[in-house]
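Text of entry.csv (CSV, C-alpha atoms) as supplied:
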```
chain,number,residue,atom,x,y,z
H,1,MET,CA,5.1,26.6,39.9
H,2,PRO,CA,2.3,28.8,41.4
H,3,SER,CA,-1.2,28.6,40.1
H,4,PHE,CA,-3.4,31.6,39.3
H,5,LYS,CA,-7.1,31.9,39.0
H,6,TYR,CA,-8.1,34.5,36.4
H,7,LYS,CA,-11.2,36.2,35.0
H,8,GLY,CA,-11.0,38.2,31.7
H,9,ARG,CA,-12.5,38.9,28.4
H,10,ASP,CA,-11.6,37.4,25.1
H,11,LYS,CA,-11.3,39.3,21.8
H,12,THR,CA,-15.1,39.1,21.3
H,13,GLY,CA,-15.7,40.7,24.7
H,14,GLN,CA,-17.1,37.5,26.3
H,15,LEU,CA,-16.3,36.8,29.9
H,16,VAL,CA,-13.9,33.8,30.4
H,17,GLN,CA,-12.3,32.4,33.5
H,18,GLY,CA,-10.0,29.6,34.4
H,19,GLN,CA,-6.8,28.6,36.0
H,20,ILE,CA,-3.2,28.8,34.7
H,21,GLU,CA,0.3,28.2,36.0
H,22,ALA,CA,2.9,30.9,35.8
H,23,GLN,CA,6.1,32.0,37.6
H,24,SER,CA,4.5,35.3,38.7
H,25,GLN,CA,1.4,37.4,38.3
H,26,SER,CA,3.0,39.5,35.6
H,27,ASN,CA,4.0,36.3,33.7
H,28,ALA,CA,0.3,35.1,34.0
H,29,VAL,CA,-0.8,38.4,32.3
H,30,LEU,CA,1.7,37.8,29.5
H,31,LYS,CA,0.4,34.2,29.0
H,32,LEU,CA,-3.2,35.4,28.9
H,33,ALA,CA,-2.2,38.2,26.4
H,34,SER,CA,-0.7,35.5,24.1
H,35,VAL,CA,-4.2,34.0,23.7
H,36,GLU,CA,-5.9,37.4,23.3
H,37,VAL,CA,-7.5,37.4,26.8
H,38,VAL,CA,-7.6,40.7,28.7
H,39,PRO,CA,-7.4,39.9,32.4
H,40,ILE,CA,-9.9,41.5,34.8
H,41,SER,CA,-8.6,39.8,37.9
H,42,ILE,CA,-5.8,37.4,38.7
H,43,GLN,CA,-5.5,35.7,42.1
H,44,ILE,CA,-3.0,33.1,43.3
H,45,THR,CA,-4.7,29.9,44.2
H,46,SER,CA,-1.8,27.5,45.1
H,47,ASN,CA,-2.6,25.5,48.2
H,48,GLU,CA,-6.0,27.1,48.5
H,49,VAL,CA,-9.1,25.1,49.3
H,50,THR,CA,-11.9,26.6,47.3
H,51,VAL,CA,-15.6,25.8,47.0
H,52,GLU,CA,-15.2,25.1,43.3
H,53,GLY,CA,-12.4,22.8,44.0
H,54,LEU,CA,-14.3,20.8,46.6
H,55,LEU,CA,-17.4,20.6,44.4
H,56,ARG,CA,-15.2,19.4,41.5
H,57,LYS,CA,-13.6,16.8,43.7
H,58,TYR,CA,-16.7,15.4,45.3
H,59,PHE,CA,-19.5,16.1,42.8
H,60,SER,CA,-17.7,16.4,39.4
H,61,PHE,CA,-18.6,20.0,39.2
H,62,GLY,CA,-17.6,21.6,35.9
H,63,LYS,CA,-17.1,18.3,34.2
H,64,PRO,CA,-18.4,18.3,30.6
H,65,GLN,CA,-21.0,15.8,29.4
H,66,LEU,CA,-20.3,13.2,26.7
H,67,ASP,CA,-22.2,15.4,24.2
H,68,ASP,CA,-19.7,18.2,24.8
H,69,LEU,CA,-16.7,15.9,24.3
H,70,ILE,CA,-18.2,14.3,21.2
H,71,LEU,CA,-18.8,17.8,19.7
H,72,PHE,CA,-15.2,18.8,20.7
H,73,SER,CA,-13.7,15.7,19.0
H,74,GLN,CA,-15.9,16.1,15.9
H,75,GLN,CA,-14.8,19.8,15.5
H,76,MET,CA,-11.1,19.0,16.1
H,77,HIS,CA,-11.2,16.1,13.5
H,78,THR,CA,-13.0,18.3,10.9
H,79,LEU,CA,-10.6,21.3,11.4
H,80,LEU,CA,-7.4,19.3,11.4
H,81,LYS,CA,-8.5,17.2,8.4
H,82,SER,CA,-9.1,20.5,6.5
H,83,GLY,CA,-5.5,21.5,7.1
H,84,VAL,CA,-6.1,24.0,9.9
H,85,SER,CA,-3.2,24.2,12.3
H,86,LEU,CA,-3.6,22.7,15.8
H,87,MET,CA,-3.4,26.1,17.5
H,88,ARG,CA,-5.9,27.7,15.2
H,89,ALA,CA,-8.3,24.7,15.6
H,90,LEU,CA,-8.1,25.0,19.4
H,91,ARG,CA,-8.9,28.7,19.3
H,92,VAL,CA,-11.9,28.1,17.1
H,93,VAL,CA,-13.3,25.3,19.3
H,94,CYS,CA,-12.5,27.4,22.4
H,95,GLU,CA,-14.5,30.3,21.0
H,96,THR,CA,-17.5,28.2,20.0
H,97,THR,CA,-17.9,25.8,22.9
H,98,GLU,CA,-20.7,26.6,25.3
H,99,HIS,CA,-19.4,24.6,28.3
H,100,ASN,CA,-17.5,26.9,30.7
H,101,GLY,CA,-15.3,24.2,32.2
H,102,LEU,CA,-14.2,22.9,28.8
H,103,ARG,CA,-13.6,26.5,27.5
H,104,SER,CA,-11.4,27.3,30.5
H,105,ALA,CA,-9.5,24.0,30.1
H,106,LEU,CA,-8.9,24.7,26.4
H,107,THR,CA,-7.7,28.2,27.2
H,108,ASP,CA,-5.1,26.8,29.6
H,109,VAL,CA,-4.2,24.2,26.9
H,110,ILE,CA,-3.6,27.0,24.4
H,111,ILE,CA,-1.4,28.8,26.9
H,112,SER,CA,0.6,25.6,27.6
H,113,LEU,CA,1.2,25.1,23.8
H,114,GLU,CA,2.3,28.7,23.5
H,115,SER,CA,4.8,28.0,26.3
H,116,GLY,CA,6.3,25.1,24.3
H,117,ASN,CA,4.5,22.1,26.0
H,118,ARG,CA,3.2,19.1,24.0
H,119,PHE,CA,-0.5,18.8,23.3
H,120,ALA,CA,-1.0,15.6,25.2
H,121,ARG,CA,0.9,16.9,28.3
H,122,ALA,CA,-1.2,20.1,28.2
H,123,LEU,CA,-4.4,18.0,28.2
H,124,GLU,CA,-3.1,15.8,31.0
H,125,ARG,CA,-3.2,18.9,33.3
H,126,HIS,CA,-7.0,18.7,33.3
H,127,PRO,CA,-8.0,15.1,34.2
H,128,HIS,CA,-11.5,16.2,35.3
H,129,ILE,CA,-12.1,17.2,31.7
H,130,PHE,CA,-10.0,14.9,29.5
H,131,SER,CA,-9.9,11.2,30.4
H,132,SER,CA,-6.6,9.2,30.4
H,133,LEU,CA,-7.8,7.3,27.3
H,134,LEU,CA,-8.4,10.5,25.4
H,135,VAL,CA,-4.9,11.8,26.5
H,136,ALA,CA,-3.2,8.5,25.5
H,137,MET,CA,-4.9,8.6,22.0
H,138,ILE,CA,-3.9,12.2,21.5
H,139,ASP,CA,-0.3,11.3,22.6
H,140,VAL,CA,-0.1,8.5,20.0
H,141,GLY,CA,-1.7,10.7,17.3
H,142,GLU,CA,0.7,13.5,18.1
H,143,ASN,CA,3.7,11.2,17.8
H,144,THR,CA,2.6,9.6,14.6
H,145,GLY,CA,1.3,12.7,12.8
H,146,GLN,CA,-2.3,11.3,12.7
H,147,LEU,CA,-4.0,13.6,15.2
H,148,GLU,CA,-7.1,14.0,13.1
H,149,ASN,CA,-7.6,10.2,13.1
H,150,ALA,CA,-7.1,10.0,16.8
H,151,PHE,CA,-10.0,12.5,17.3
H,152,LEU,CA,-12.2,10.5,14.9
H,153,GLN,CA,-11.6,7.3,17.0
H,154,ILE,CA,-12.3,9.2,20.2
H,155,LYS,CA,-15.5,10.5,18.7
H,156,VAL,CA,-16.7,7.0,17.7
H,157,TYR,CA,-15.8,5.6,21.1
H,158,LEU,CA,-17.6,8.4,23.0
H,159,GLU,CA,-20.7,8.0,20.8
H,160,SER,CA,-21.0,4.3,21.6
H,161,GLU,CA,-20.5,5.0,25.3
H,162,LEU,CA,-23.2,7.7,25.1
H,163,ASP,CA,-25.6,5.3,23.3
H,164,THR,CA,-25.0,2.6,26.0
H,165,ARG,CA,-25.7,5.0,28.8
H,166,ARG,CA,-28.9,6.3,27.2
H,167,ARG,CA,-30.2,2.8,26.8
H,168,ILE,CA,-29.5,2.0,30.5
H,169,LYS,CA,-31.2,5.2,31.6
H,170,THR,CA,-34.3,4.4,29.5
H,171,ALA,CA,-34.6,0.9,31.0
H,172,LEU,CA,-34.3,2.2,34.6
H,173,ARG,CA,-36.7,5.1,34.1
H,174,TYR,CA,-39.8,3.1,34.9
H,175,PRO,CA,-38.7,1.3,38.0
H,176,LEU,CA,-37.1,4.4,39.5
H,177,THR,CA,-40.3,6.4,38.8
H,178,VAL,CA,-42.4,3.8,40.6
H,179,ILE,CA,-40.0,3.7,43.6
H,180,VAL,CA,-40.0,7.5,43.9
H,181,ALA,CA,-43.8,7.4,43.8
H,182,ILE,CA,-44.0,4.8,46.5
H,183,VAL,CA,-41.7,6.9,48.8
H,184,LEU,CA,-43.8,10.0,48.2
H,185,ALA,CA,-47.0,8.0,48.9
H,186,ILE,CA,-45.6,6.7,52.2
H,187,GLY,CA,-44.6,10.2,53.2
H,188,ILE,CA,-48.1,11.6,52.4
H,189,ILE,CA,-49.8,8.7,54.2
H,190,ASN,CA,-47.7,9.2,57.4
H,191,VAL,CA,-48.0,13.0,57.5
H,192,VAL,CA,-51.6,13.6,56.2
H,193,VAL,CA,-53.8,10.5,56.1
H,194,ILE,CA,-52.9,8.6,59.3
H,195,PRO,CA,-53.2,11.7,61.6
H,196,SER,CA,-56.7,12.3,60.3
H,197,PHE,CA,-57.8,8.7,61.0
H,198,SER,CA,-56.0,8.8,64.4
H,199,ASN,CA,-58.2,11.7,65.6
H,200,PHE,CA,-61.3,10.0,64.3
H,201,PHE,CA,-60.5,6.7,66.1
H,202,THR,CA,-59.4,8.3,69.3
H,203,ALA,CA,-62.8,10.1,69.6
H,204,PHE,CA,-64.6,6.8,70.0
H,205,GLY,CA,-62.2,5.7,72.8
H,206,SER,CA,-62.2,2.1,71.7
H,207,LYS,CA,-59.1,-0.1,71.8
H,208,LEU,CA,-57.4,0.0,68.4
H,209,PRO,CA,-56.0,-3.1,66.6
H,210,LEU,CA,-52.3,-3.7,66.6
H,211,PRO,CA,-51.7,-2.7,62.9
H,212,THR,CA,-53.5,0.6,63.5
H,213,ARG,CA,-51.5,1.3,66.6
H,214,ILE,CA,-48.2,0.6,64.7
H,215,LEU,CA,-49.3,3.0,61.9
H,216,ILE,CA,-50.2,5.7,64.4
H,217,HIS,CA,-46.9,5.4,66.3
H,218,ILE,CA,-44.9,5.5,63.0
H,219,SER,CA,-46.9,8.6,61.9
H,220,ASN,CA,-46.4,10.4,65.2
H,221,PHE,CA,-42.7,9.6,65.1
H,222,VAL,CA,-42.4,11.0,61.5
H,223,ILE,CA,-44.4,14.2,62.4
H,224,GLU,CA,-42.5,14.8,65.7
H,225,TYR,CA,-39.0,13.9,64.7
H,226,GLY,CA,-39.3,14.4,60.9
H,227,TRP,CA,-36.8,17.3,60.9
H,228,LEU,CA,-34.3,15.2,62.8
H,229,LEU,CA,-34.8,12.3,60.4
H,230,ALA,CA,-34.4,14.7,57.4
H,231,LEU,CA,-31.2,16.2,59.0
H,232,PHE,CA,-29.8,12.7,59.5
H,233,VAL,CA,-30.6,11.7,55.9
H,234,VAL,CA,-28.9,14.8,54.5
H,235,GLY,CA,-25.9,14.4,56.8
H,236,ALA,CA,-25.6,10.7,56.0
H,237,SER,CA,-25.9,11.4,52.3
H,238,ILE,CA,-23.1,14.0,52.4
H,239,GLY,CA,-20.9,11.7,54.5
H,240,LEU,CA,-21.5,8.8,52.1
H,241,VAL,CA,-20.6,10.9,49.0
H,242,VAL,CA,-17.4,12.0,50.7
H,243,TYR,CA,-16.6,8.4,51.7
H,244,LEU,CA,-17.3,7.1,48.2
H,245,HIS,CA,-14.6,9.4,46.9
H,246,THR,CA,-11.9,7.9,49.1
H,247,PRO,CA,-9.9,5.0,47.7
H,248,GLN,CA,-11.5,2.5,50.1
H,249,GLY,CA,-15.0,3.8,49.5
H,250,LYS,CA,-14.6,3.6,45.8
H,251,TRP,CA,-13.4,0.0,46.0
H,252,TRP,CA,-16.3,-1.1,48.2
H,253,TRP,CA,-18.9,0.8,46.1
H,254,SER,CA,-17.5,-0.6,42.9
H,255,LEU,CA,-17.9,-4.1,44.3
H,256,ILE,CA,-21.4,-3.6,45.8
H,257,LYS,CA,-22.7,-2.3,42.5
H,258,LEU,CA,-21.7,-5.5,40.8
H,259,LYS,CA,-23.7,-7.5,43.5
H,260,ILE,CA,-27.0,-5.7,43.1
H,261,PRO,CA,-29.7,-8.1,41.9
H,262,PHE,CA,-30.8,-7.6,38.3
H,263,ILE,CA,-28.7,-4.4,37.9
H,264,GLY,CA,-25.2,-5.8,38.9
H,265,GLY,CA,-25.0,-8.0,35.8
H,266,ILE,CA,-25.9,-5.2,33.5
H,267,ILE,CA,-23.3,-2.9,35.1
H,268,LYS,CA,-20.6,-5.6,34.8
H,269,ARG,CA,-21.3,-6.3,31.1
H,270,THR,CA,-21.5,-2.6,30.4
H,271,ILE,CA,-18.0,-2.2,31.9
H,272,TYR,CA,-16.8,-5.1,29.8
H,273,VAL,CA,-18.2,-3.3,26.7
H,274,ARG,CA,-16.2,-0.2,27.7
H,275,PHE,CA,-13.1,-2.2,28.4
H,276,CYS,CA,-13.2,-4.1,25.1
H,277,ARG,CA,-13.9,-1.0,23.0
H,278,ALA,CA,-11.3,1.1,24.8
H,279,PHE,CA,-8.6,-1.6,24.6
H,280,SER,CA,-9.4,-2.3,21.0
H,281,MET,CA,-9.0,1.4,20.1
H,282,ALA,CA,-5.8,1.7,22.1
H,283,ILE,CA,-4.2,-1.4,20.3
H,284,LYS,CA,-5.4,-0.1,16.9
H,285,ALA,CA,-3.8,3.2,17.6
H,286,ASN,CA,-0.5,1.5,18.5
H,287,VAL,CA,-0.6,2.5,22.2
H,288,PRO,CA,2.1,0.4,24.0
H,289,LEU,CA,0.4,-2.7,25.5
H,290,MET,CA,1.5,-2.0,29.1
H,291,GLN,CA,0.3,1.6,28.8
H,292,ALA,CA,-3.0,0.4,27.3
H,293,PHE,CA,-3.7,-1.7,30.4
H,294,ARG,CA,-3.1,1.3,32.7
H,295,VAL,CA,-5.2,3.7,30.5
H,296,VAL,CA,-8.1,1.3,30.1
H,297,SER,CA,-8.2,0.5,33.9
H,298,ASN,CA,-8.9,4.2,34.4
H,299,VAL,CA,-11.6,4.3,31.7
H,300,VAL,CA,-13.8,1.4,33.1
H,301,ASP,CA,-14.8,3.6,36.0
H,302,ASN,CA,-14.9,0.7,38.5
H,303,THR,CA,-12.1,0.4,41.1
H,304,TYR,CA,-12.7,-3.3,41.7
H,305,LEU,CA,-12.6,-4.3,38.0
H,306,ALA,CA,-9.7,-1.8,37.4
H,307,GLN,CA,-7.6,-3.9,39.8
H,308,LYS,CA,-8.5,-7.0,37.9
H,309,ILE,CA,-7.4,-5.4,34.7
H,310,LEU,CA,-4.1,-4.3,36.2
H,311,GLN,CA,-3.6,-7.9,37.4
H,312,MET,CA,-3.9,-8.9,33.7
H,313,ARG,CA,-1.1,-6.4,33.0
H,314,HIS,CA,1.1,-8.2,35.6
H,315,PHE,CA,0.5,-11.6,33.9
H,316,VAL,CA,1.4,-10.1,30.5
H,317,GLU,CA,4.5,-8.5,31.9
H,318,ARG,CA,5.6,-12.0,33.1
H,319,GLY,CA,5.4,-13.2,29.6
H,320,GLU,CA,2.0,-14.8,29.4
H,321,SER,CA,-0.4,-14.3,26.5
H,322,LEU,CA,-3.3,-11.9,26.6
H,323,TYR,CA,-5.7,-15.0,26.6
H,324,LEU,CA,-4.1,-16.5,29.7
H,325,ALA,CA,-4.0,-13.1,31.5
H,326,ALA,CA,-7.8,-12.7,30.7
H,327,LYS,CA,-8.5,-16.3,31.8
H,328,HIS,CA,-6.7,-15.7,35.2
H,329,SER,CA,-8.7,-12.6,35.8
H,330,GLU,CA,-12.0,-14.6,35.7
H,331,LEU,CA,-13.7,-11.6,34.1
H,332,PHE,CA,-14.7,-12.9,30.7
H,333,SER,CA,-17.0,-15.5,29.3
H,334,PRO,CA,-15.6,-18.6,27.4
H,335,ILE,CA,-16.8,-17.1,24.1
H,336,VAL,CA,-14.8,-13.9,24.6
H,337,LEU,CA,-11.7,-15.9,25.7
H,338,GLN,CA,-12.0,-17.9,22.4
H,339,MET,CA,-12.1,-14.6,20.5
H,340,LEU,CA,-8.9,-13.5,22.2
H,341,ILE,CA,-7.2,-16.8,21.2
H,342,VAL,CA,-8.2,-16.3,17.6
H,343,GLY,CA,-7.1,-12.6,17.7
H,344,GLU,CA,-3.7,-13.4,19.0
H,345,GLU,CA,-3.2,-16.2,16.5
H,346,THR,CA,-4.2,-14.0,13.6
H,347,GLY,CA,-2.7,-10.8,14.9
H,348,GLU,CA,-6.1,-9.0,14.9
H,349,VAL,CA,-6.7,-8.6,18.7
H,350,ASP,CA,-8.2,-5.2,18.1
H,351,SER,CA,-10.9,-6.6,15.8
H,352,MET,CA,-11.6,-9.5,18.1
H,353,LEU,CA,-12.0,-7.1,21.0
H,354,LEU,CA,-14.4,-5.0,19.0
H,355,GLU,CA,-16.5,-8.2,18.3
H,356,ALA,CA,-16.3,-9.0,22.0
H,357,ALA,CA,-17.7,-5.6,22.7
H,358,GLN,CA,-20.6,-6.1,20.3
H,359,TYR,CA,-21.2,-9.5,21.9
H,360,TYR,CA,-21.5,-8.0,25.3
H,361,GLU,CA,-23.7,-5.2,23.9
H,362,LYS,CA,-26.2,-7.8,22.8
H,363,ASP,CA,-26.2,-9.2,26.3
H,364,VAL,CA,-26.8,-5.8,27.7
H,365,ASP,CA,-29.7,-5.2,25.4
H,366,TYR,CA,-31.2,-8.5,26.3
H,367,ASP,CA,-30.8,-7.9,30.0
H,368,LEU,CA,-32.2,-4.4,29.7
H,369,LYS,CA,-35.3,-5.8,28.0
H,370,ARG,CA,-35.6,-8.4,30.8
H,371,LEU,CA,-35.1,-5.8,33.6
H,372,GLY,CA,-38.6,-4.4,33.4
H,373,HIS,CA,-40.2,-7.8,33.5
H,374,ALA,CA,-37.9,-8.8,36.4
H,375,VAL,CA,-38.4,-5.7,38.5
H,376,GLU,CA,-42.2,-5.3,37.9
H,377,PRO,CA,-43.2,-8.3,40.2
H,378,VAL,CA,-41.1,-6.9,43.0
H,379,LEU,CA,-42.7,-3.5,42.7
H,380,ILE,CA,-46.1,-5.0,42.6
H,381,ILE,CA,-45.4,-7.0,45.8
H,382,ILE,CA,-44.2,-3.7,47.5
H,383,ILE,CA,-47.3,-1.9,46.5
H,384,ALA,CA,-49.5,-4.8,47.5
H,385,ALA,CA,-47.8,-4.9,50.9
H,386,MET,CA,-48.5,-1.1,51.4
H,387,VAL,CA,-52.2,-1.6,50.5
H,388,LEU,CA,-52.5,-4.6,52.9
H,389,VAL,CA,-50.9,-2.7,55.8
H,390,LEU,CA,-53.2,0.3,55.1
H,391,ALA,CA,-56.2,-1.9,54.8
H,392,LEU,CA,-55.5,-3.7,58.1
H,393,GLY,CA,-54.6,-0.4,59.9
H,394,VAL,CA,-57.5,1.7,58.6
H,395,PHE,CA,-60.4,-0.6,57.9
H,396,LEU,CA,-60.1,-2.9,60.8
H,397,PRO,CA,-60.9,-0.2,63.5
H,398,MET,CA,-63.6,1.2,61.2
H,399,TRP,CA,-65.2,-2.2,61.1
H,400,ASP,CA,-65.0,-2.5,64.9
H,401,ILE,CA,-66.5,1.0,65.3
H,402,SER,CA,-69.3,0.2,62.9
H,403,THR,CA,-70.0,-3.0,64.7
H,404,VAL,CA,-70.2,-1.3,68.1
H,405,ALA,CA,-72.5,1.4,66.6
H,406,LEU,CA,-74.9,-1.2,65.2
H,407,ARG,CA,-75.1,-3.0,68.5
H,408,LYS,CA,-75.9,0.2,70.3
H,409,MET,CA,-78.6,0.9,67.7
H,410,ASP,CA,-80.1,-2.5,68.2
H,411,GLY,CA,-80.1,-2.1,72.0
H,412,TYR,CA,-81.7,1.3,71.6
```
Represent the structure from my file as structure tokens, please.
Amino acid sequence: MPSFKYKGRDKTGQLVQGQIEAQSQSNAVLKLASVEVVPISIQITSNEVTVEGLLRKYFSFGKPQLDDLILFSQQMHTLLKSGVSLMRALRVVCETTEHNGLRSALTDVIISLESGNRFARALERHPHIFSSLLVAMIDVGENTGQLENAFLQIKVYLESELDTRRRIKTALRYPLTVIVAIVLAIGIINVVVIPSFSNFFTAFGSKLPLPTRILIHISNFVIEYGWLLALFVVGASIGLVVYLHTPQGKWWWSLIKLKIPFIGGIIKRTIYVRFCRAFSMAIKANVPLMQAFRVVSNVVDNTYLAQKILQMRHFVERGESLYLAAKHSELFSPIVLQMLIVGEETGEVDSMLLEAAQYYEKDVDYDLKRLGHAVEPVLIIIIAAMVLVLALGVFLPMWDISTVALRKMDGY
């Protein structure tokens, strides 16, 4: 079915835009009219490569933040719990949301529901907005008549995810700030400081020490070929971003992240927290076990570990227990494996997974507290090395020049 990109105004006169599927342009106008949108322009976009599409593909352009999705889940839960119909609730949320991408997606969802599609299938058409876990939870809630509870569980999960991300950002803020300051200092030294000293030393005509000559050569290279170096860095960065969005690039980057000193362990345990919480929520919502593995593998946001999770699914499909599947994956600690045994024996796997998530969260908190103490000595060593190089490169020739000047004065 062709896809059309539209711009229009809703019943309040506010400009809205998005993308819908329709059999023809006139049919697209009718669909927009059903949601009280007056189209200004409608253009067919099937098979078109647009700037927005490329940005969305490679840079997640238009993707809502967790705050937006939490507010969306909270609003939907409150409205549905109050007895408001699904269509009316979606219209209210669509009118009040401030995120353009989410508003456009909800407009298309409303149009899909008007056309007779199911809610979960309508959400599934926008994977850049709604994750596979959210769609699976909505699917189960829609089938069981507990859609408001599904939105409540999604809200709780997203809030815990947001809290974890904020704690990681807070812990990394100091070392990243120091690293940026070091890079800026190196740039200023090479472009401003070293050239000034170079002219001063050259005026005396004396032979410069090796550290000074190295600094001067590096500075001259940066000044003369800085534009080429900047062009290379920008081109390499764009190429790297494009490569990291390929299947092979995603796999390698997901593996490399887990090997980074200090940070790799935190990333791994954070993903375990996400896995345990998402899997617990899926089981509690009665999502079929095989579907839960597939959904959670997409949620962990790490291709390497997602493959490990799908391997667990294969073991379960062959008739093995969840504990044995987890043991074969070599992902989890013995304590978590024991929790899984207890959960399977008592029939409370979802509760045990939630406890496992809390266990990993404590590990993450401890590692985040240690991160600053672990990274600080490395940063101090880097700064000390910079100071040493500058001292050798700048003060050694000044010492030689002052020595020569004193000798000339004594001879005079």
Just to confirm, what's the straight-line distance from CA of Asn199 in chain H to CA of Asn220 in chain H in Å (one decimal)?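 Atom-to-atom, CA of Asn199 in chain H to CA of Asn220 in chain H, that is 11.9 Å.
Here the selection is built from all atoms listed in the file, and the residues within 12 Å of (-14.5, -5.2, 13.9) turn out to be Cys276, Arg277, Ser280, Met281, Lys284, Met339, Gly343, Glu348, Val349, Asp350, Ser351, Met352, Leu353, Leu354, Glu355, Ala356, Ala357, Gln358 and Tyr359 of chain H.
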Taking only C-alpha atoms into account, which of H:Val342, H:Phe119, H:Ile111, H:Met76 comes nearest Lys31 in chain H? H:Ile111
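CA of Leu162 in chain H lies 26.1 Å from CA of Arg91 in chain H.
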Find the spatial neighbours of Lys155 in chain H, counting only C-alpha atoms, within a cut-off of 9 Å - ignore same-chain residues fewer than 4 positions away - and output them as a ChimeraX atom specification. /H:69-74,77,150-151,159-160
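Here CA of Glu95 in chain H and CA of His126 in chain H stand 18.5 Å from one another.
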Quick one: everything within 9 Å of range 175-190 of chain H, counting all atoms listed in the file, minus sequence neighbours fewer than 2 positions away in the same chain. Send it as a PDB file with C-alpha atoms, in the coordinates of the input.
```
ATOM      1  CA  ALA H 171     -34.600   0.900  31.000  1.00  0.00           C
ATOM      2  CA  LEU H 172     -34.300   2.200  34.600  1.00  0.00           C
ATOM      3  CA  ARG H 173     -36.700   5.100  34.100  1.00  0.00           C
ATOM      4  CA  VAL H 192     -51.600  13.600  56.200  1.00  0.00           C
ATOM      5  CA  VAL H 193     -53.800  10.500  56.100  1.00  0.00           C
ATOM      6  CA  ILE H 194     -52.900   8.600  59.300  1.00  0.00           C
ATOM      7  CA  PRO H 195     -53.200  11.700  61.600  1.00  0.00           C
ATOM      8  CA  LEU H 215     -49.300   3.000  61.900  1.00  0.00           C
ATOM      9  CA  ILE H 216     -50.200   5.700  64.400  1.00  0.00           C
ATOM     10  CA  ILE H 218     -44.900   5.500  63.000  1.00  0.00           C
ATOM     11  CA  SER H 219     -46.900   8.600  61.900  1.00  0.00           C
ATOM     12  CA  ASN H 220     -46.400  10.400  65.200  1.00  0.00           C
ATOM     13  CA  VAL H 222     -42.400  11.000  61.500  1.00  0.00           C
ATOM     14  CA  ILE H 223     -44.400  14.200  62.400  1.00  0.00           C
ATOM     15  CA  GLY H 372     -38.600  -4.400  33.400  1.00  0.00           C
ATOM     16  CA  VAL H 375     -38.400  -5.700  38.500  1.00  0.00           C
ATOM     17  CA  GLU H 376     -42.200  -5.300  37.900  1.00  0.00           C
ATOM     18  CA  LEU H 379     -42.700  -3.500  42.700  1.00  0.00           C
ATOM     19  CA  ILE H 382     -44.200  -3.700  47.500  1.00  0.00           C
ATOM     20  CA  ILE H 383     -47.300  -1.900  46.500  1.00  0.00           C
ATOM     21  CA  MET H 386     -48.500  -1.100  51.400  1.00  0.00           C
TER      22      MET H 386
END
```
Which polymer residues have any atom within 7 Å of an atom of Leu258 in chain H, counting only C-alpha atoms, with same-chain residues fewer than 5 positions away left out, as a PyMOL selection string? chain H and resi 264-265+267-268
Can you patch up range 29-40 of chain H, filling it in to N, CA and C atoms, and show the result as a PDB file, in the coordinates of the input?
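Now in rebuild.pdb:
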```
ATOM      1  N   VAL H  29      -0.152  37.385  33.233  1.00  0.00           N
ATOM      2  CA  VAL H  29      -0.800  38.400  32.300  1.00  0.00           C
ATOM      3  C   VAL H  29      -0.219  38.220  30.924  1.00  0.00           C
ATOM      4  N   LEU H  30       1.085  37.968  30.791  1.00  0.00           N
ATOM      5  CA  LEU H  30       1.700  37.800  29.500  1.00  0.00           C
ATOM      6  C   LEU H  30       1.130  36.531  28.789  1.00  0.00           C
ATOM      7  N   LYS H  31       0.956  35.451  29.550  1.00  0.00           N
ATOM      8  CA  LYS H  31       0.400  34.200  29.000  1.00  0.00           C
ATOM      9  C   LYS H  31      -1.017  34.432  28.498  1.00  0.00           C
ATOM     10  N   LEU H  32      -1.805  35.172  29.275  1.00  0.00           N
ATOM     11  CA  LEU H  32      -3.200  35.400  28.900  1.00  0.00           C
ATOM     12  C   LEU H  32      -3.203  36.331  27.621  1.00  0.00           C
ATOM     13  N   ALA H  33      -2.279  37.274  27.566  1.00  0.00           N
ATOM     14  CA  ALA H  33      -2.200  38.200  26.400  1.00  0.00           C
ATOM     15  C   ALA H  33      -1.865  37.372  25.137  1.00  0.00           C
ATOM     16  N   SER H  34      -1.100  36.282  25.288  1.00  0.00           N
ATOM     17  CA  SER H  34      -0.700  35.500  24.100  1.00  0.00           C
ATOM     18  C   SER H  34      -1.905  34.779  23.483  1.00  0.00           C
ATOM     19  N   VAL H  35      -2.970  34.585  24.252  1.00  0.00           N
ATOM     20  CA  VAL H  35      -4.200  34.000  23.700  1.00  0.00           C
ATOM     21  C   VAL H  35      -5.312  34.973  23.581  1.00  0.00           C
ATOM     22  N   GLU H  36      -4.925  36.257  23.564  1.00  0.00           N
ATOM     23  CA  GLU H  36      -5.900  37.400  23.300  1.00  0.00           C
ATOM     24  C   GLU H  36      -6.960  37.407  24.396  1.00  0.00           C
ATOM     25  N   VAL H  37      -6.554  37.226  25.658  1.00  0.00           N
ATOM     26  CA  VAL H  37      -7.500  37.400  26.800  1.00  0.00           C
ATOM     27  C   VAL H  37      -6.995  38.560  27.626  1.00  0.00           C
ATOM     28  N   VAL H  38      -7.887  39.525  27.857  1.00  0.00           N
ATOM     29  CA  VAL H  38      -7.600  40.700  28.700  1.00  0.00           C
ATOM     30  C   VAL H  38      -8.012  40.383  30.108  1.00  0.00           C
ATOM     31  N   PRO H  39      -7.074  40.236  31.040  1.00  0.00           N
ATOM     32  CA  PRO H  39      -7.400  39.900  32.400  1.00  0.00           C
ATOM     33  C   PRO H  39      -8.174  40.971  33.150  1.00  0.00           C
ATOM     34  N   ILE H  40      -9.176  40.581  33.909  1.00  0.00           N
ATOM     35  CA  ILE H  40      -9.900  41.500  34.800  1.00  0.00           C
ATOM     36  C   ILE H  40      -9.358  41.350  36.215  1.00  0.00           C
TER      37      ILE H  40
END
```
